[in-house]
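Visitor: If it helps, the file is called my_file.cif and holds mmCIF, N, CA and C atoms:
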```
data_query
loop_
_atom_site.group_PDB
_atom_site.id
_atom_site.type_symbol
_atom_site.label_atom_id
_atom_site.label_comp_id
_atom_site.auth_asym_id
_atom_site.auth_seq_id
_atom_site.Cartn_x
_atom_site.Cartn_y
_atom_site.Cartn_z
ATOM 1 N N MET A 1 -5.872 3.746 -8.760
ATOM 2 C CA MET A 1 -5.032 4.600 -7.963
ATOM 3 C C MET A 1 -4.202 3.720 -7.039
ATOM 4 N N LEU A 2 -2.964 4.090 -6.886
ATOM 5 C CA LEU A 2 -2.056 3.349 -6.017
ATOM 6 C C LEU A 2 -1.509 4.309 -4.971
ATOM 7 N N ILE A 3 -1.604 3.896 -3.722
ATOM 8 C CA ILE A 3 -1.090 4.710 -2.622
ATOM 9 C C ILE A 3 -0.298 3.804 -1.689
ATOM 10 N N GLY A 4 0.917 4.199 -1.385
ATOM 11 C CA GLY A 4 1.725 3.480 -0.414
ATOM 12 C C GLY A 4 1.498 4.050 0.977
ATOM 13 N N ASN A 5 1.487 3.191 1.962
ATOM 14 C CA ASN A 5 1.353 3.628 3.354
ATOM 15 C C ASN A 5 2.660 3.293 4.067
ATOM 16 N N HIS A 6 3.372 4.319 4.520
ATOM 17 C CA HIS A 6 4.641 4.106 5.217
ATOM 18 C C HIS A 6 4.421 4.194 6.724
ATOM 19 N N TYR A 7 4.489 3.033 7.360
ATOM 20 C CA TYR A 7 4.408 2.960 8.824
ATOM 21 C C TYR A 7 5.824 2.670 9.322
ATOM 22 N N PRO A 8 6.489 3.648 9.936
ATOM 23 C CA PRO A 8 7.898 3.507 10.268
ATOM 24 C C PRO A 8 8.184 2.424 11.300
ATOM 25 N N GLU A 9 9.261 1.717 11.041
ATOM 26 C CA GLU A 9 9.733 0.713 11.986
ATOM 27 C C GLU A 9 10.831 1.298 12.884
ATOM 28 N N PHE A 10 11.635 2.198 12.332
ATOM 29 C CA PHE A 10 12.760 2.788 13.056
ATOM 30 C C PHE A 10 12.540 4.291 13.214
ATOM 31 N N SER A 11 13.161 4.883 14.225
ATOM 32 C CA SER A 11 12.912 6.296 14.541
ATOM 33 C C SER A 11 13.255 7.234 13.387
ATOM 34 N N TYR A 12 14.341 6.982 12.655
ATOM 35 C CA TYR A 12 14.705 7.879 11.559
ATOM 36 C C TYR A 12 13.671 7.857 10.433
ATOM 37 N N GLU A 13 12.877 6.793 10.362
ATOM 38 C CA GLU A 13 11.848 6.690 9.321
ATOM 39 C C GLU A 13 10.644 7.581 9.614
ATOM 40 N N ARG A 14 10.570 8.121 10.811
ATOM 41 C CA ARG A 14 9.444 8.982 11.185
ATOM 42 C C ARG A 14 9.593 10.395 10.612
ATOM 43 N N ASP A 15 10.783 10.742 10.178
ATOM 44 C CA ASP A 15 11.069 12.073 9.643
ATOM 45 C C ASP A 15 10.590 12.145 8.191
ATOM 46 N N LEU A 16 9.646 13.031 7.921
ATOM 47 C CA LEU A 16 9.071 13.160 6.580
ATOM 48 C C LEU A 16 10.141 13.459 5.536
ATOM 49 N N LYS A 17 11.149 14.222 5.909
ATOM 50 C CA LYS A 17 12.243 14.536 4.979
ATOM 51 C C LYS A 17 12.930 13.251 4.511
ATOM 52 N N ASN A 18 13.151 12.316 5.417
ATOM 53 C CA ASN A 18 13.783 11.046 5.056
ATOM 54 C C ASN A 18 12.890 10.222 4.142
ATOM 55 N N LEU A 19 11.589 10.228 4.413
ATOM 56 C CA LEU A 19 10.666 9.493 3.549
ATOM 57 C C LEU A 19 10.665 10.091 2.147
ATOM 58 N N LYS A 20 10.586 11.406 2.056
ATOM 59 C CA LYS A 20 10.591 12.057 0.740
ATOM 60 C C LYS A 20 11.858 11.712 -0.038
ATOM 61 N N GLN A 21 12.997 11.708 0.645
ATOM 62 C CA GLN A 21 14.249 11.376 -0.030
ATOM 63 C C GLN A 21 14.264 9.918 -0.477
ATOM 64 N N ALA A 22 13.743 9.020 0.336
ATOM 65 C CA ALA A 22 13.687 7.605 -0.042
ATOM 66 C C ALA A 22 12.800 7.404 -1.268
ATOM 67 N N VAL A 23 11.685 8.112 -1.330
ATOM 68 C CA VAL A 23 10.793 8.017 -2.495
ATOM 69 C C VAL A 23 11.534 8.458 -3.755
ATOM 70 N N ILE A 24 12.323 9.520 -3.645
ATOM 71 C CA ILE A 24 13.117 9.991 -4.786
ATOM 72 C C ILE A 24 14.206 8.982 -5.129
ATOM 73 N N ASP A 25 14.973 8.559 -4.130
ATOM 74 C CA ASP A 25 16.096 7.645 -4.354
ATOM 75 C C ASP A 25 15.649 6.319 -4.953
ATOM 76 N N LEU A 26 14.499 5.837 -4.515
ATOM 77 C CA LEU A 26 13.990 4.546 -4.991
ATOM 78 C C LEU A 26 13.104 4.686 -6.225
ATOM 79 N N ASP A 27 12.899 5.925 -6.670
ATOM 80 C CA ASP A 27 12.076 6.211 -7.853
ATOM 81 C C ASP A 27 10.679 5.594 -7.719
ATOM 82 N N VAL A 28 10.076 5.794 -6.570
ATOM 83 C CA VAL A 28 8.733 5.274 -6.305
ATOM 84 C C VAL A 28 7.738 6.071 -7.153
ATOM 85 N N PRO A 29 6.989 5.397 -8.045
ATOM 86 C CA PRO A 29 6.139 6.110 -9.006
ATOM 87 C C PRO A 29 4.710 6.372 -8.530
ATOM 88 N N TYR A 30 4.471 6.308 -7.230
ATOM 89 C CA TYR A 30 3.116 6.513 -6.709
ATOM 90 C C TYR A 30 3.187 7.302 -5.400
ATOM 91 N N ALA A 31 2.044 7.794 -4.976
ATOM 92 C CA ALA A 31 1.970 8.563 -3.734
ATOM 93 C C ALA A 31 2.241 7.658 -2.531
ATOM 94 N N VAL A 32 2.911 8.216 -1.545
ATOM 95 C CA VAL A 32 3.191 7.494 -0.301
ATOM 96 C C VAL A 32 2.787 8.400 0.861
ATOM 97 N N VAL A 33 1.967 7.868 1.757
ATOM 98 C CA VAL A 33 1.567 8.641 2.937
ATOM 99 C C VAL A 33 2.422 8.231 4.133
ATOM 100 N N GLN A 34 2.682 9.183 5.003
ATOM 101 C CA GLN A 34 3.436 8.944 6.234
ATOM 102 C C GLN A 34 2.436 8.602 7.331
ATOM 103 N N ASP A 35 2.549 7.405 7.895
ATOM 104 C CA ASP A 35 1.597 6.916 8.898
ATOM 105 C C ASP A 35 2.306 6.727 10.240
ATOM 106 N N ASN A 36 2.916 7.803 10.756
ATOM 107 C CA ASN A 36 3.709 7.706 11.989
ATOM 108 C C ASN A 36 2.933 7.143 13.165
ATOM 109 N N ASP A 37 1.661 7.458 13.269
ATOM 110 C CA ASP A 37 0.863 6.998 14.407
ATOM 111 C C ASP A 37 0.189 5.651 14.160
ATOM 112 N N GLY A 38 0.367 5.090 12.964
ATOM 113 C CA GLY A 38 -0.185 3.776 12.666
ATOM 114 C C GLY A 38 -1.690 3.742 12.493
ATOM 115 N N ILE A 39 -2.290 4.875 12.198
ATOM 116 C CA ILE A 39 -3.749 4.920 12.054
ATOM 117 C C ILE A 39 -4.207 4.042 10.890
ATOM 118 N N ASN A 40 -3.580 4.202 9.725
ATOM 119 C CA ASN A 40 -3.951 3.364 8.578
ATOM 120 C C ASN A 40 -3.579 1.910 8.830
ATOM 121 N N TRP A 41 -2.397 1.706 9.376
ATOM 122 C CA TRP A 41 -1.899 0.357 9.680
ATOM 123 C C TRP A 41 -2.914 -0.403 10.535
ATOM 124 N N ARG A 42 -3.374 0.220 11.611
ATOM 125 C CA ARG A 42 -4.323 -0.442 12.514
ATOM 126 C C ARG A 42 -5.712 -0.576 11.898
ATOM 127 N N SER A 43 -6.117 0.378 11.082
ATOM 128 C CA SER A 43 -7.465 0.303 10.506
ATOM 129 C C SER A 43 -7.621 -0.918 9.608
ATOM 130 N N PHE A 44 -6.508 -1.391 9.029
ATOM 131 C CA PHE A 44 -6.544 -2.604 8.211
ATOM 132 C C PHE A 44 -6.153 -3.845 9.014
ATOM 133 N N LYS A 45 -5.917 -3.670 10.319
ATOM 134 C CA LYS A 45 -5.477 -4.772 11.186
ATOM 135 C C LYS A 45 -4.213 -5.440 10.625
ATOM 136 N N ASN A 46 -3.339 -4.606 10.087
ATOM 137 C CA ASN A 46 -2.123 -5.092 9.456
ATOM 138 C C ASN A 46 -1.115 -5.545 10.507
ATOM 139 N N ARG A 47 -0.319 -6.561 10.147
ATOM 140 C CA ARG A 47 0.710 -7.064 11.057
ATOM 141 C C ARG A 47 2.045 -7.285 10.364
ATOM 142 N N TYR A 48 2.064 -7.240 9.031
ATOM 143 C CA TYR A 48 3.260 -7.650 8.299
ATOM 144 C C TYR A 48 3.650 -6.629 7.239
ATOM 145 N N TRP A 49 4.953 -6.545 6.971
ATOM 146 C CA TRP A 49 5.509 -5.769 5.865
ATOM 147 C C TRP A 49 5.989 -6.754 4.813
ATOM 148 N N PRO A 50 5.808 -6.538 3.560
ATOM 149 C CA PRO A 50 4.769 -5.678 2.990
ATOM 150 C C PRO A 50 3.443 -6.408 2.931
ATOM 151 N N THR A 51 2.381 -5.668 2.911
ATOM 152 C CA THR A 51 1.045 -6.214 2.681
ATOM 153 C C THR A 51 0.369 -5.359 1.623
ATOM 154 N N LEU A 52 -0.256 -6.019 0.668
ATOM 155 C CA LEU A 52 -0.931 -5.345 -0.435
ATOM 156 C C LEU A 52 -2.428 -5.552 -0.294
ATOM 157 N N TYR A 53 -3.168 -4.471 -0.368
ATOM 158 C CA TYR A 53 -4.630 -4.528 -0.337
ATOM 159 C C TYR A 53 -5.160 -3.956 -1.642
ATOM 160 N N LEU A 54 -6.065 -4.669 -2.287
ATOM 161 C CA LEU A 54 -6.780 -4.123 -3.435
ATOM 162 C C LEU A 54 -8.192 -3.818 -2.969
ATOM 163 N N ILE A 55 -8.599 -2.595 -3.224
ATOM 164 C CA ILE A 55 -9.895 -2.104 -2.760
ATOM 165 C C ILE A 55 -10.746 -1.790 -3.973
ATOM 166 N N ASP A 56 -11.977 -2.288 -3.990
ATOM 167 C CA ASP A 56 -12.832 -2.086 -5.162
ATOM 168 C C ASP A 56 -13.450 -0.692 -5.181
ATOM 169 N N LYS A 57 -14.232 -0.449 -6.208
ATOM 170 C CA LYS A 57 -14.825 0.877 -6.419
ATOM 171 C C LYS A 57 -15.836 1.251 -5.347
ATOM 172 N N GLN A 58 -16.290 0.283 -4.578
ATOM 173 C CA GLN A 58 -17.218 0.554 -3.476
ATOM 174 C C GLN A 58 -16.486 0.685 -2.139
ATOM 175 N N GLY A 59 -15.158 0.575 -2.176
ATOM 176 C CA GLY A 59 -14.372 0.736 -0.959
ATOM 177 C C GLY A 59 -14.188 -0.534 -0.147
ATOM 178 N N ARG A 60 -14.497 -1.693 -0.731
ATOM 179 C CA ARG A 60 -14.345 -2.974 -0.021
ATOM 180 C C ARG A 60 -12.998 -3.606 -0.351
ATOM 181 N N VAL A 61 -12.343 -4.165 0.647
ATOM 182 C CA VAL A 61 -11.104 -4.899 0.420
ATOM 183 C C VAL A 61 -11.463 -6.194 -0.291
ATOM 184 N N ARG A 62 -10.885 -6.392 -1.468
ATOM 185 C CA ARG A 62 -11.213 -7.559 -2.281
ATOM 186 C C ARG A 62 -10.046 -8.521 -2.459
ATOM 187 N N TYR A 63 -8.847 -8.079 -2.136
ATOM 188 C CA TYR A 63 -7.672 -8.929 -2.317
ATOM 189 C C TYR A 63 -6.622 -8.488 -1.308
ATOM 190 N N VAL A 64 -5.994 -9.458 -0.672
ATOM 191 C CA VAL A 64 -4.907 -9.176 0.271
ATOM 192 C C VAL A 64 -3.762 -10.129 -0.047
ATOM 193 N N HIS A 65 -2.564 -9.581 -0.112
ATOM 194 C CA HIS A 65 -1.380 -10.421 -0.276
ATOM 195 C C HIS A 65 -0.320 -9.952 0.713
ATOM 196 N N ILE A 66 0.183 -10.873 1.494
ATOM 197 C CA ILE A 66 1.221 -10.584 2.481
ATOM 198 C C ILE A 66 2.547 -11.094 1.935
ATOM 199 N N GLY A 67 3.556 -10.227 1.959
ATOM 200 C CA GLY A 67 4.887 -10.618 1.520
ATOM 201 C C GLY A 67 5.138 -10.321 0.054
ATOM 202 N N GLU A 68 6.273 -10.790 -0.414
ATOM 203 C CA GLU A 68 6.672 -10.613 -1.810
ATOM 204 C C GLU A 68 6.138 -11.774 -2.644
ATOM 205 N N GLY A 69 6.216 -11.621 -3.959
ATOM 206 C CA GLY A 69 5.864 -12.709 -4.865
ATOM 207 C C GLY A 69 4.396 -12.741 -5.239
ATOM 208 N N ARG A 70 4.036 -13.801 -5.960
ATOM 209 C CA ARG A 70 2.672 -14.013 -6.469
ATOM 210 C C ARG A 70 2.207 -12.829 -7.322
ATOM 211 N N TYR A 71 3.138 -12.287 -8.088
ATOM 212 C CA TYR A 71 2.843 -11.105 -8.893
ATOM 213 C C TYR A 71 1.795 -11.391 -9.964
ATOM 214 N N ASP A 72 1.803 -12.607 -10.523
ATOM 215 C CA ASP A 72 0.791 -12.960 -11.528
ATOM 216 C C ASP A 72 -0.606 -12.953 -10.911
ATOM 217 N N ASP A 73 -0.729 -13.479 -9.700
ATOM 218 C CA ASP A 73 -2.031 -13.477 -9.019
ATOM 219 C C ASP A 73 -2.497 -12.052 -8.739
ATOM 220 N N THR A 74 -1.561 -11.222 -8.296
ATOM 221 C CA THR A 74 -1.910 -9.829 -8.008
ATOM 222 C C THR A 74 -2.335 -9.110 -9.279
ATOM 223 N N GLU A 75 -1.594 -9.311 -10.357
ATOM 224 C CA GLU A 75 -1.964 -8.671 -11.625
ATOM 225 C C GLU A 75 -3.337 -9.133 -12.088
ATOM 226 N N ALA A 76 -3.627 -10.415 -11.955
ATOM 227 C CA ALA A 76 -4.945 -10.929 -12.356
ATOM 228 C C ALA A 76 -6.050 -10.287 -11.518
ATOM 229 N N ALA A 77 -5.803 -10.119 -10.233
ATOM 230 C CA ALA A 77 -6.803 -9.491 -9.360
ATOM 231 C C ALA A 77 -7.007 -8.025 -9.738
ATOM 232 N N ILE A 78 -5.929 -7.327 -10.068
ATOM 233 C CA ILE A 78 -6.041 -5.929 -10.501
ATOM 234 C C ILE A 78 -6.851 -5.845 -11.781
ATOM 235 N N ARG A 79 -6.529 -6.692 -12.746
ATOM 236 C CA ARG A 79 -7.253 -6.679 -14.027
ATOM 237 C C ARG A 79 -8.738 -6.968 -13.821
ATOM 238 N N ALA A 80 -9.042 -7.915 -12.953
ATOM 239 C CA ALA A 80 -10.447 -8.250 -12.688
ATOM 240 C C ALA A 80 -11.179 -7.059 -12.075
ATOM 241 N N LEU A 81 -10.557 -6.406 -11.110
ATOM 242 C CA LEU A 81 -11.200 -5.251 -10.473
ATOM 243 C C LEU A 81 -11.355 -4.087 -11.451
ATOM 244 N N LEU A 82 -10.361 -3.863 -12.294
ATOM 245 C CA LEU A 82 -10.463 -2.780 -13.276
ATOM 246 C C LEU A 82 -11.568 -3.042 -14.292
ATOM 247 N N GLY A 83 -11.861 -4.321 -14.530
ATOM 248 C CA GLY A 83 -12.895 -4.681 -15.492
ATOM 249 C C GLY A 83 -14.310 -4.595 -14.954
ATOM 250 N N GLU A 84 -14.444 -4.406 -13.649
ATOM 251 C CA GLU A 84 -15.786 -4.327 -13.064
ATOM 252 C C GLU A 84 -16.431 -2.978 -13.377
ATOM 253 N N PRO A 85 -17.741 -2.983 -13.600
ATOM 254 C CA PRO A 85 -18.421 -1.707 -13.880
ATOM 255 C C PRO A 85 -18.473 -0.822 -12.636
ATOM 256 N N ALA A 86 -18.466 0.474 -12.868
ATOM 257 C CA ALA A 86 -18.638 1.425 -11.762
ATOM 258 C C ALA A 86 -20.102 1.442 -11.365
ATOM 259 N N HIS A 87 -20.376 1.609 -10.094
ATOM 260 C CA HIS A 87 -21.769 1.654 -9.618
ATOM 261 C C HIS A 87 -22.097 3.035 -9.133
#
```
Using the file provided, produce a representation of the structure as structure tokens.
Guide:
Amino acid sequence: MLIGNHYPEFSYERDLKNLKQAVIDLDVPYAVVQDNDGINWRSFKNRYWPTLYLIDKQGRVRYVHIGEGRYDDTEAAIRALLGEPAH
């Protein structure tokens, strides 16, 4: 499952209507949550855009990547996590 967390940087980004339109315009193929109060952002102690977290089947953060790039590493981490047995 893939979920995007949108923590707005600018005031117009706080409007859910604008986020919904951006998801359509950018053809984002996954769910995106609006995190206006930064609850999710702070729970991960996040500081940078973009940051990718891979979470295993037990709910543990197993991979973190800050910024763009390293797509091969991210794909390898996804494949490894998908290959793990469910507990």
Visitor: Using only C-alpha atoms, find all polymer residues with an atom at most 8 Å away from the point (-19.3, 1.9, -7.8); report them as a PyMOL selection string.
Guide: chain A and resi 57-58+85-87
Visitor: Could you write out as a list in words the residues that the PyMOL selection byres ((chain A and resi 62-66) around 6.5) matches in the shown file?
Guide: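 The output of the PyMOL selection byres ((chain A and resi 62-66) around 6.5) on this file is Trp49, Pro50, Thr51, Leu52, Tyr53, Leu54, Ile55, Asp56, Arg60, Val61, Gly67 and Glu68 of chain A.
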Visitor: Save out the residues we just selected, N, CA and C atoms, as a PDB file, keeping the file's coordinate frame.
Guide:
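So out.pdb came out as:
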```
ATOM      1  N   TRP A  49       4.953  -6.545   6.971  1.00  0.00           N
ATOM      2  CA  TRP A  49       5.509  -5.769   5.865  1.00  0.00           C
ATOM      3  C   TRP A  49       5.989  -6.754   4.813  1.00  0.00           C
ATOM      4  N   PRO A  50       5.808  -6.538   3.560  1.00  0.00           N
ATOM      5  CA  PRO A  50       4.769  -5.678   2.990  1.00  0.00           C
ATOM      6  C   PRO A  50       3.443  -6.408   2.931  1.00  0.00           C
ATOM      7  N   THR A  51       2.381  -5.668   2.911  1.00  0.00           N
ATOM      8  CA  THR A  51       1.045  -6.214   2.681  1.00  0.00           C
ATOM      9  C   THR A  51       0.369  -5.359   1.623  1.00  0.00           C
ATOM     10  N   LEU A  52      -0.256  -6.019   0.668  1.00  0.00           N
ATOM     11  CA  LEU A  52      -0.931  -5.345  -0.435  1.00  0.00           C
ATOM     12  C   LEU A  52      -2.428  -5.552  -0.294  1.00  0.00           C
ATOM     13  N   TYR A  53      -3.168  -4.471  -0.368  1.00  0.00           N
ATOM     14  CA  TYR A  53      -4.630  -4.528  -0.337  1.00  0.00           C
ATOM     15  C   TYR A  53      -5.160  -3.956  -1.642  1.00  0.00           C
ATOM     16  N   LEU A  54      -6.065  -4.669  -2.287  1.00  0.00           N
ATOM     17  CA  LEU A  54      -6.780  -4.123  -3.435  1.00  0.00           C
ATOM     18  C   LEU A  54      -8.192  -3.818  -2.969  1.00  0.00           C
ATOM     19  N   ILE A  55      -8.599  -2.595  -3.224  1.00  0.00           N
ATOM     20  CA  ILE A  55      -9.895  -2.104  -2.760  1.00  0.00           C
ATOM     21  C   ILE A  55     -10.746  -1.790  -3.973  1.00  0.00           C
ATOM     22  N   ASP A  56     -11.977  -2.288  -3.990  1.00  0.00           N
ATOM     23  CA  ASP A  56     -12.832  -2.086  -5.162  1.00  0.00           C
ATOM     24  C   ASP A  56     -13.450  -0.692  -5.181  1.00  0.00           C
ATOM     25  N   ARG A  60     -14.497  -1.693  -0.731  1.00  0.00           N
ATOM     26  CA  ARG A  60     -14.345  -2.974  -0.021  1.00  0.00           C
ATOM     27  C   ARG A  60     -12.998  -3.606  -0.351  1.00  0.00           C
ATOM     28  N   VAL A  61     -12.343  -4.165   0.647  1.00  0.00           N
ATOM     29  CA  VAL A  61     -11.104  -4.899   0.420  1.00  0.00           C
ATOM     30  C   VAL A  61     -11.463  -6.194  -0.291  1.00  0.00           C
ATOM     31  N   GLY A  67       3.556 -10.227   1.959  1.00  0.00           N
ATOM     32  CA  GLY A  67       4.887 -10.618   1.520  1.00  0.00           C
ATOM     33  C   GLY A  67       5.138 -10.321   0.054  1.00  0.00           C
ATOM     34  N   GLU A  68       6.273 -10.790  -0.414  1.00  0.00           N
ATOM     35  CA  GLU A  68       6.672 -10.613  -1.810  1.00  0.00           C
ATOM     36  C   GLU A  68       6.138 -11.774  -2.644  1.00  0.00           C
TER      37      GLU A  68
END
```
Visitor: Can you give me, as a list in words, the residues this file yields under the PyMOL selection byres ((chain A and resi 35-38) around 6)?
Guide: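 Selected by the PyMOL selection byres ((chain A and resi 35-38) around 6) here: Asn5, His6, Tyr7, Pro8, Arg14, Val33, Gln34, Ile39, Asn40, Trp41, Arg42 and Ser43 of chain A.
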Visitor: Using Å and a single decimal, report how far CA of Tyr30 (chain A) sits from CA of Gly4 (chain A).
Guide: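 CA of Tyr30 (chain A) lies at a distance of 7.1 Å from CA of Gly4 (chain A).
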Visitor: Quick check for you: according to DSSP on this backbone, which residues of chain A are classed as helix (DSSP H, G or I)? Reply as a ChimeraX atom specification.
Guide: /A:11-14,16-25,39-43,71-82
Visitor: Distance CA of Ile24 (chain A)-CA of Ala77 (chain A), one decimal place?
Guide: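 For CA of Ile24 (chain A) relative to CA of Ala77 (chain A), the distance reads 28.2 Å.
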Visitor: How many Å separate atom C of Tyr12 (chain A) from atom N of Arg70 (chain A)?
Guide: 28.8 Å
Visitor: What box, with edges along x, y and z, holds each listed atom of region 17-28 of chain A when 6 Å is added on every side, and can you state its centre and edge lengths in Å to one decimal, as lines of an AutoDock Vina configuration file?
Guide:
```
center_x = 11.9
center_y = 9.5
center_z = -1.0
size_x = 20.4
size_y = 22.0
size_z = 25.8
```
Visitor: Would you list, as a list in words, the residues of chain A that end up in strand (DSSP E) under DSSP run on this structure's backbone?
Guide: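 Selecting the strand (DSSP E) positions of chain A gives Ile3, Gly4, Asn5, His6, Ala31, Val32, Val33, Gln34, Thr51, Leu52, Tyr53, Leu54, Ile55, Val61, Arg62, Tyr63, Val64, His65 and Ile66 of chain A.
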